[in-house]
file work-v4.cif (mmCIF, C-alpha atoms)
data_entry
loop_
_atom_site.label_atom_id
_atom_site.label_comp_id
_atom_site.auth_asym_id
_atom_site.auth_seq_id
_atom_site.Cartn_x
_atom_site.Cartn_y
_atom_site.Cartn_z
CA MET A 190 0.00 0.00 0.00
CA PRO A 191 1.43 3.39 -0.90
CA ILE A 192 0.30 5.04 2.36
CA THR A 193 2.82 4.67 5.18
CA VAL A 194 1.77 5.24 8.79
CA ASP A 195 4.39 6.88 11.02
CA ILE A 196 2.63 6.73 14.38
CA ASP A 197 5.67 4.89 15.83
CA VAL A 198 7.87 7.86 14.95
CA MET A 199 5.60 10.32 16.74
CA LEU A 200 5.22 7.99 19.74
CA ALA A 201 9.00 7.85 20.09
CA ARG A 202 9.32 11.63 19.74
CA ARG A 203 6.68 12.17 22.43
CA LYS A 204 8.04 9.34 24.63
CA MET A 205 4.54 7.88 24.79
CA SER A 206 3.41 4.23 24.82
CA VAL A 207 0.80 2.72 22.54
CA GLY A 208 -1.43 2.15 25.57
CA GLU A 209 -1.17 5.79 26.67
CA LEU A 210 -2.01 7.00 23.18
CA ALA A 211 -4.95 4.61 22.81
CA ASP A 212 -6.37 5.75 26.17
CA SER A 213 -5.92 9.42 25.31
CA VAL A 214 -7.52 9.05 21.87
CA GLY A 215 -10.33 6.80 23.07
CA ILE A 216 -9.66 3.72 20.91
CA THR A 217 -8.58 0.24 21.88
CA PRO A 218 -4.88 -0.65 21.80
CA ALA A 219 -5.78 -3.39 19.28
CA ASN A 220 -7.38 -0.88 16.89
CA LEU A 221 -4.43 1.48 17.32
CA ALA A 222 -2.06 -1.41 16.51
CA VAL A 223 -3.99 -2.14 13.30
CA LEU A 224 -3.62 1.50 12.27
CA LYS A 225 -0.01 1.77 13.46
CA ASN A 226 1.06 -1.34 11.56
CA GLY A 227 -0.51 -0.18 8.30
CA ARG A 228 -3.21 -2.86 8.23
CA ALA A 229 -6.15 -0.45 8.44
CA LYS A 230 -8.25 0.05 5.32
CA ALA A 231 -9.56 3.42 6.51
CA VAL A 232 -9.25 5.94 9.30
CA ARG A 233 -11.99 8.30 10.49
CA PHE A 234 -11.17 11.98 10.40
CA THR A 235 -12.28 12.21 14.03
CA THR A 236 -9.70 9.57 14.98
CA LEU A 237 -7.01 11.27 12.91
CA ALA A 238 -7.86 14.61 14.52
CA ALA A 239 -7.69 13.06 18.01
CA LEU A 240 -4.32 11.47 17.22
CA CYS A 241 -3.00 14.84 16.02
CA GLU A 242 -4.37 16.62 19.09
CA VAL A 243 -2.80 14.17 21.54
CA LEU A 244 0.51 13.92 19.67
CA LYS A 245 0.54 17.68 18.90
CA CYS A 246 1.26 17.12 15.23
CA GLN A 247 -0.21 17.46 11.75
CA PRO A 248 -1.83 14.62 9.73
CA GLY A 249 1.20 14.67 7.42
CA ASP A 250 3.39 13.75 10.41
CA LEU A 251 1.41 10.52 10.78
CA LEU A 252 0.62 9.58 7.18
CA ARG A 253 2.74 9.81 4.03
CA TRP A 254 2.37 8.62 0.48
CA GLU A 255 5.08 6.56 -1.20
CA ALA A 256 4.96 5.50 -4.82
CA GLU A 257 4.61 1.77 -5.29
CA ASP A 258 7.51 0.01 -6.95
CA ALA A 259 6.69 -0.04 -10.68
CA ALA A 260 8.91 -3.11 -11.17
CA GLY A 261 7.11 -5.07 -8.44
CA PRO A 262 4.73 -8.00 -8.95
#
call {"tool": "encode", "arguments": {"input": "work-v4.cif", "output": "structure tokens"}}
result
Amino acid sequence: MPITVDIDVMLARRKMSVGELADSVGITPANLAVLKNGRAKAVRFTTLAALCEVLKCQPGDLLRWEAEDAAGP
């Protein structure tokens, strides 16, 4: 998938655990792990906004687009 999720980067910068972030945002740690590991098919804007509020960042700090390898399968 060409969208890369960088929640781990922001967690490290903020010295925050996945559990702390999940509690602060109001989602389960399991759902946060799905998002964090890039397995989510979608993310609600309200969840993205809450992540940005808690992590004090912009959506572009959490999500980035990367071109897929044209030579891939």
call {"tool": "resolve_selection", "arguments": {"input": "work-v4.cif", "expression": "the PyMOL selection byres ((chain A and resi 253) around 8)", "output": "list in words"}}
result
Ile192, Thr193, Val194, Asp195, Gly249, Asp250, Leu251, Leu252, Trp254 and Glu255 of chain A
call {"tool": "resolve_selection", "arguments": {"input": "work-v4.cif", "expression": "the PyMOL selection byres ((chain A and resi 221) around 12)", "output": "PyMOL selection string"}}
result
chain A and resi 194+196-197+200+206-220+222-229+232+236-237+240
call {"tool": "atom_distance", "arguments": {"input": "work-v4.cif", "atom1": "CA of Arg233 in chain A", "atom2": "CA of Pro191 in chain A"}}
result
18.3 Å
call {"tool": "atom_distance", "arguments": {"input": "work-v4.cif", "atom1": "CA of Met199 in chain A", "atom2": "CA of Ala239 in chain A"}}
result
13.6 Å
call {"tool": "atom_distance", "arguments": {"input": "work-v4.cif", "atom1": "CA of Lys204 in chain A", "atom2": "CA of Glu242 in chain A"}}
result
15.4 Å
